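Everything below concerns the one structure shown next.
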Amino acid sequence: MADGVILLMAQIDDAPGELLAHVIDKMTEMGAKNVQLLSSLGKKGRPAYVLLVDINAEDEQEFASVLAGDLGIWGYRVLESQHKHFDIQRYKTQLELKWAGGGRSFPLRLKRMLNDGVFMRAKAEHDDLVVISAQMRNLLPVSVAVLKAAIETTIGSTEPGETLRVDLSGLQLADR
């Protein structure tokens with residue numbers, strides 16, 4: 001077995017969706033770095049899937065047992081790969097939303113991606129956006145997509161401070 005991270009690739013042509021979801025969850029809990037399930041067209045035109053799993057090389061046998069035991073596959077491929085990862089800076093800030101006639105504050109997690117120290121993108125944590133959008137429903141209904149765009153545009157390439165102020169006053173939002 002190789003040192004580091006390997007990519008397992010398995011072809012699956014006879015597993016129901018519920019089982020595939022179970023295996024993906026199980027592999028994630030086992031410590032897979034990433035799990036992808038791709039739809040494909042197999043031999044004789046049969047619908048199939050390709051399962052790609054990034055794991056630590058020393059965990060190969062444990063994951064192989066899941067592939068054989070849970071999915072009944074007869075074999076798999078091991079691809080040695082090199083993963084390039086951007087530098088990720090994580091922040092916790094207090095989001096202050098303002099709009100005509102109101103305002104509200106929420107905790108918010110953010111990430112900034114850099115490549116060799118050069119800013120590439122800022123991202124608000126999706127789970128936080130879902131919670132904020134739900135809590136805003138009766139105050140000022142704003143979708144997750146609109147909220148995300150407003151926050152990430154406000155951040156731009158700057159490092160967020162303890163408070164991030166976003167003004168939603170200029171948005172044309174649908175009536176409740």
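Identifiers in the structure tokens: chain A, B, ... in order shown; residue index from 1 per chain; ligand index from 1 in order shown.
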
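Residues with any atom within 9 Å of stretch 126-134 of chain A, counting only C-alpha atoms and excluding same-chain neighbours fewer than 5 positions away, are A:Phe106, A:Pro107, A:Leu108, A:Arg109, A:Leu140, A:Pro141, A:Val142, A:Ser143, A:Val144, A:Ala145, A:Leu147, A:Lys148.
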
Save the residues we just selected, N, CA and C atoms, as an mmCIF file, in the first residue's frame?
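As written to disk, result.cif reads:
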```cif
data_model
loop_
_atom_site.group_PDB
_atom_site.id
_atom_site.type_symbol
_atom_site.label_atom_id
_atom_site.label_comp_id
_atom_site.auth_asym_id
_atom_site.auth_seq_id
_atom_site.Cartn_x
_atom_site.Cartn_y
_atom_site.Cartn_z
ATOM 1 N N PHE A 106 -26.602 38.027 13.890
ATOM 2 C CA PHE A 106 -26.476 36.562 13.875
ATOM 3 C C PHE A 106 -25.001 36.162 13.916
ATOM 4 N N PRO A 107 -24.684 35.036 14.530
ATOM 5 C CA PRO A 107 -23.322 34.507 14.395
ATOM 6 C C PRO A 107 -23.144 33.941 12.981
ATOM 7 N N LEU A 108 -21.948 34.103 12.433
ATOM 8 C CA LEU A 108 -21.686 33.649 11.070
ATOM 9 C C LEU A 108 -20.246 33.179 10.945
ATOM 10 N N ARG A 109 -20.086 32.009 10.313
ATOM 11 C CA ARG A 109 -18.754 31.494 10.001
ATOM 12 C C ARG A 109 -18.442 31.780 8.536
ATOM 13 N N LEU A 140 -37.903 39.824 7.377
ATOM 14 C CA LEU A 140 -37.599 40.244 6.010
ATOM 15 C C LEU A 140 -37.237 38.979 5.246
ATOM 16 N N PRO A 141 -38.194 38.395 4.521
ATOM 17 C CA PRO A 141 -37.908 37.123 3.853
ATOM 18 C C PRO A 141 -36.813 37.289 2.805
ATOM 19 N N VAL A 142 -35.709 36.596 3.023
ATOM 20 C CA VAL A 142 -34.569 36.675 2.112
ATOM 21 C C VAL A 142 -34.061 35.248 1.893
ATOM 22 N N SER A 143 -33.906 34.879 0.636
ATOM 23 C CA SER A 143 -33.469 33.520 0.322
ATOM 24 C C SER A 143 -32.001 33.313 0.698
ATOM 25 N N VAL A 144 -31.621 32.065 0.815
ATOM 26 C CA VAL A 144 -30.235 31.725 1.114
ATOM 27 C C VAL A 144 -29.320 32.267 0.022
ATOM 28 N N ALA A 145 -29.730 32.148 -1.244
ATOM 29 C CA ALA A 145 -28.902 32.605 -2.365
ATOM 30 C C ALA A 145 -28.684 34.119 -2.316
ATOM 31 N N LEU A 147 -28.989 36.073 0.363
ATOM 32 C CA LEU A 147 -28.208 36.340 1.563
ATOM 33 C C LEU A 147 -26.728 36.059 1.316
ATOM 34 N N LYS A 148 -26.442 34.940 0.702
ATOM 35 C CA LYS A 148 -25.067 34.559 0.388
ATOM 36 C C LYS A 148 -24.395 35.611 -0.493
#
```

Could you name the residues that touch A:Asp14 at 9 Å or less, counting only C-alpha atoms, but leaving out those on the same chain fewer than 3 positions away, as a compact mmCIF listing (two decimals) with N, CA, C and O atoms, in the first residue's frame?
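Written out: out.txt:
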```txt
# COMPACT_ATOMS: atom_id res chain seq x y z
N PRO A 47 -27.79 0.99 -16.33
CA PRO A 47 -27.45 2.11 -15.45
C PRO A 47 -26.49 1.62 -14.37
O PRO A 47 -26.62 0.51 -13.87
N ALA A 48 -25.53 2.47 -14.03
CA ALA A 48 -24.52 2.09 -13.06
C ALA A 48 -24.01 3.34 -12.34
O ALA A 48 -24.50 4.45 -12.60
N TYR A 49 -23.06 3.13 -11.45
CA TYR A 49 -22.44 4.22 -10.70
C TYR A 49 -20.94 3.99 -10.62
O TYR A 49 -20.48 2.85 -10.65
N LEU A 71 -21.62 -3.60 -0.54
CA LEU A 71 -22.01 -3.39 -1.93
C LEU A 71 -21.86 -4.64 -2.80
O LEU A 71 -22.38 -4.68 -3.91
N GLY A 72 -21.11 -5.62 -2.31
CA GLY A 72 -20.94 -6.85 -3.07
C GLY A 72 -20.10 -6.71 -4.33
O GLY A 72 -20.24 -7.51 -5.25
```

Considering only strand (DSSP E or B) as DSSP defines it on the backbone, what residues of stretch 20-152 of chain A qualify? List them as a ChimeraX atom specification. /A:34-41,47-56,77-80,87-99,102-115,118-124

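Residues within 9 Å of A:Asn56, counting only C-alpha atoms and excluding same-chain residues fewer than 3 positions away, are Asp3, Gly4, Val5, Ile6, Leu7, Gly31, Ala32, Lys33, Asp59 and Glu60 of chain A.
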
List every residue of stretch 114-146 of chain A that has an atom at most 9 Å from any atom of stretch 150-171 of chain A, and for each one report the closest atom pair and its distance in Å to one decimal, counting only C-alpha atoms, with rows sorted by chain and then by increasing residue number, as a tab-separated table.
```
residue	atom	partner	partner_atom	distance
A:Phe119	CA	A:Ser157	CA	6.4
A:Met120	CA	A:Ser157	CA	7.8
A:Arg121	CA	A:Ser157	CA	7.1
A:Ala122	CA	A:Glu152	CA	6.1
A:Lys123	CA	A:Glu152	CA	6.2
A:Ala124	CA	A:Glu152	CA	6.7
A:Ala145	CA	A:Ala150	CA	8.6
A:Val146	CA	A:Ala150	CA	6.1
```

Counting only C-alpha atoms, the option among A:Gln82, A:Asn34, A:Ser39, A:Gln135 closest to A:Leu97: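 For A:Leu97, the nearest of the given residues is A:Gln135.
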
Option closest in space to A:Gly69, from A:Val23, A:Asp13, A:Asp87, A:Leu139 [counting only C-alpha atoms]: A:Val23

Using DSSP on the backbone, list every residue of chain A that comes out as helix (DSSP H, G or I), and give them as number ranges by chain. A: 17-29, 43-45, 57-71, 126-136, 144-155

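Restricting the calculation to only C-alpha atoms, the smallest distance between A:Glu29 and any of A:Ala57, A:Lys43, A:Arg112, A:Phe63 is found for A:Phe63.
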
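A straight line drawn from atom CA of A:Leu37 to atom CA of A:Leu51 is 4.6 Å long.
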
Would you pick out the contacts of A:Leu19 at 12 Å or less, using only C-alpha atoms, so that residues sharing its chain but fewer than 2 positions from it are not included, and give the list as a ChimeraX atom specification? /A:12,14-17,21-26,66-67,69-72

Take the residues just selected and output them with all heavy atoms as an mmCIF file, in the first residue's frame.
```cif
data_model
loop_
_atom_site.group_PDB
_atom_site.id
_atom_site.type_symbol
_atom_site.label_atom_id
_atom_site.label_comp_id
_atom_site.auth_asym_id
_atom_site.auth_seq_id
_atom_site.Cartn_x
_atom_site.Cartn_y
_atom_site.Cartn_z
ATOM 1 N N ILE A 12 -20.284 0.176 -9.679
ATOM 2 C CA ILE A 12 -21.428 -0.450 -9.022
ATOM 3 C C ILE A 12 -22.578 -0.504 -10.030
ATOM 4 O O ILE A 12 -22.942 0.509 -10.611
ATOM 5 C CB ILE A 12 -21.859 0.376 -7.792
ATOM 6 C CG1 ILE A 12 -20.681 0.561 -6.836
ATOM 7 C CG2 ILE A 12 -23.039 -0.277 -7.094
ATOM 8 C CD1 ILE A 12 -20.884 1.661 -5.833
ATOM 9 N N ASP A 14 -25.506 -2.771 -9.335
ATOM 10 C CA ASP A 14 -26.695 -3.457 -8.822
ATOM 11 C C ASP A 14 -26.982 -3.129 -7.354
ATOM 12 O O ASP A 14 -27.183 -4.017 -6.544
ATOM 13 C CB ASP A 14 -26.575 -4.965 -9.019
ATOM 14 C CG ASP A 14 -25.392 -5.562 -8.252
ATOM 15 O OD1 ASP A 14 -24.586 -4.789 -7.704
ATOM 16 O OD2 ASP A 14 -25.301 -6.789 -8.192
ATOM 17 N N ALA A 15 -27.009 -1.841 -7.033
ATOM 18 C CA ALA A 15 -27.297 -1.442 -5.658
ATOM 19 C C ALA A 15 -28.391 -0.375 -5.651
ATOM 20 O O ALA A 15 -28.338 0.566 -6.445
ATOM 21 C CB ALA A 15 -26.039 -0.912 -4.976
ATOM 22 N N PRO A 16 -29.379 -0.505 -4.778
ATOM 23 C CA PRO A 16 -30.445 0.506 -4.700
ATOM 24 C C PRO A 16 -29.941 1.803 -4.052
ATOM 25 O O PRO A 16 -28.949 1.802 -3.315
ATOM 26 C CB PRO A 16 -31.511 -0.164 -3.830
ATOM 27 C CG PRO A 16 -30.754 -1.157 -3.008
ATOM 28 C CD PRO A 16 -29.595 -1.615 -3.858
ATOM 29 N N GLY A 17 -30.632 2.881 -4.339
ATOM 30 C CA GLY A 17 -30.255 4.195 -3.832
ATOM 31 C C GLY A 17 -30.118 4.270 -2.324
ATOM 32 O O GLY A 17 -29.210 4.910 -1.802
ATOM 33 N N ALA A 21 -26.731 5.408 -0.348
ATOM 34 C CA ALA A 21 -26.713 6.503 0.635
ATOM 35 C C ALA A 21 -26.141 6.022 1.962
ATOM 36 O O ALA A 21 -25.352 6.731 2.601
ATOM 37 C CB ALA A 21 -28.119 7.062 0.820
ATOM 38 N N HIS A 22 -26.528 4.829 2.373
ATOM 39 C CA HIS A 22 -26.013 4.247 3.613
ATOM 40 C C HIS A 22 -24.493 4.084 3.548
ATOM 41 O O HIS A 22 -23.775 4.422 4.490
ATOM 42 C CB HIS A 22 -26.681 2.894 3.885
ATOM 43 C CG HIS A 22 -26.003 2.085 4.939
ATOM 44 N ND1 HIS A 22 -26.090 2.396 6.285
ATOM 45 C CD2 HIS A 22 -25.196 0.992 4.845
ATOM 46 C CE1 HIS A 22 -25.360 1.524 6.966
ATOM 47 N NE2 HIS A 22 -24.816 0.669 6.115
ATOM 48 N N VAL A 23 -23.989 3.581 2.431
ATOM 49 C CA VAL A 23 -22.549 3.358 2.278
ATOM 50 C C VAL A 23 -21.795 4.690 2.272
ATOM 51 O O VAL A 23 -20.734 4.819 2.896
ATOM 52 C CB VAL A 23 -22.255 2.532 1.003
ATOM 53 C CG1 VAL A 23 -20.768 2.541 0.665
ATOM 54 C CG2 VAL A 23 -22.748 1.097 1.195
ATOM 55 N N ILE A 24 -22.345 5.692 1.615
ATOM 56 C CA ILE A 24 -21.704 7.012 1.605
ATOM 57 C C ILE A 24 -21.624 7.558 3.025
ATOM 58 O O ILE A 24 -20.582 8.050 3.460
ATOM 59 C CB ILE A 24 -22.451 7.979 0.668
ATOM 60 C CG1 ILE A 24 -22.222 7.564 -0.781
ATOM 61 C CG2 ILE A 24 -22.008 9.423 0.897
ATOM 62 C CD1 ILE A 24 -23.095 8.295 -1.779
ATOM 63 N N ASP A 25 -22.723 7.475 3.769
ATOM 64 C CA ASP A 25 -22.720 7.930 5.167
ATOM 65 C C ASP A 25 -21.714 7.152 5.995
ATOM 66 O O ASP A 25 -20.964 7.715 6.800
ATOM 67 C CB ASP A 25 -24.112 7.798 5.789
ATOM 68 C CG ASP A 25 -25.109 8.797 5.234
ATOM 69 O OD1 ASP A 25 -24.682 9.786 4.591
ATOM 70 O OD2 ASP A 25 -26.318 8.577 5.423
ATOM 71 N N LYS A 26 -21.684 5.837 5.820
ATOM 72 C CA LYS A 26 -20.777 4.975 6.573
ATOM 73 C C LYS A 26 -19.322 5.328 6.287
ATOM 74 O O LYS A 26 -18.503 5.449 7.211
ATOM 75 C CB LYS A 26 -21.065 3.509 6.224
ATOM 76 C CG LYS A 26 -20.285 2.503 7.041
ATOM 77 C CD LYS A 26 -20.775 1.094 6.685
ATOM 78 C CE LYS A 26 -20.148 0.032 7.550
ATOM 79 N NZ LYS A 26 -20.711 -1.302 7.248
ATOM 80 N N VAL A 66 -15.970 -2.706 3.315
ATOM 81 C CA VAL A 66 -17.286 -2.098 3.085
ATOM 82 C C VAL A 66 -17.704 -2.291 1.622
ATOM 83 O O VAL A 66 -18.856 -2.623 1.331
ATOM 84 C CB VAL A 66 -17.282 -0.599 3.462
ATOM 85 C CG1 VAL A 66 -18.586 0.077 3.051
ATOM 86 C CG2 VAL A 66 -17.039 -0.432 4.956
ATOM 87 N N LEU A 67 -16.756 -2.078 0.714
ATOM 88 C CA LEU A 67 -17.070 -2.245 -0.707
ATOM 89 C C LEU A 67 -17.558 -3.659 -0.993
ATOM 90 O O LEU A 67 -18.562 -3.856 -1.681
ATOM 91 C CB LEU A 67 -15.844 -1.929 -1.568
ATOM 92 C CG LEU A 67 -15.392 -0.468 -1.579
ATOM 93 C CD1 LEU A 67 -14.078 -0.333 -2.347
ATOM 94 C CD2 LEU A 67 -16.456 0.435 -2.167
ATOM 95 N N GLY A 69 -18.428 -6.122 1.422
ATOM 96 C CA GLY A 69 -19.482 -6.572 2.326
ATOM 97 C C GLY A 69 -20.810 -5.887 2.124
ATOM 98 O O GLY A 69 -21.864 -6.539 2.095
ATOM 99 N N ASP A 70 -20.805 -4.569 1.968
ATOM 100 C CA ASP A 70 -22.060 -3.827 1.848
ATOM 101 C C ASP A 70 -22.556 -3.724 0.408
ATOM 102 O O ASP A 70 -23.756 -3.743 0.161
ATOM 103 C CB ASP A 70 -21.910 -2.419 2.423
ATOM 104 C CG ASP A 70 -21.810 -2.408 3.936
ATOM 105 O OD1 ASP A 70 -21.593 -3.475 4.530
ATOM 106 O OD2 ASP A 70 -21.946 -1.323 4.532
ATOM 107 N N LEU A 71 -21.617 -3.596 -0.537
ATOM 108 C CA LEU A 71 -22.013 -3.393 -1.933
ATOM 109 C C LEU A 71 -21.856 -4.640 -2.796
ATOM 110 O O LEU A 71 -22.378 -4.685 -3.909
ATOM 111 C CB LEU A 71 -21.198 -2.248 -2.550
ATOM 112 C CG LEU A 71 -21.483 -0.862 -1.975
ATOM 113 C CD1 LEU A 71 -20.511 0.162 -2.551
ATOM 114 C CD2 LEU A 71 -22.920 -0.448 -2.239
ATOM 115 N N GLY A 72 -21.114 -5.616 -2.313
ATOM 116 C CA GLY A 72 -20.944 -6.851 -3.067
ATOM 117 C C GLY A 72 -20.103 -6.708 -4.327
ATOM 118 O O GLY A 72 -20.235 -7.513 -5.248
#
```

Select, from A:Ala100, A:Leu95, A:Met30, A:Leu114, the residue with the minimum atom-to-atom distance to A:Ile55, counting only C-alpha atoms. A:Met30

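When atom CA of A:Tyr76 is paired with atom CA of A:Lys44, their separation reads 20.0 Å.
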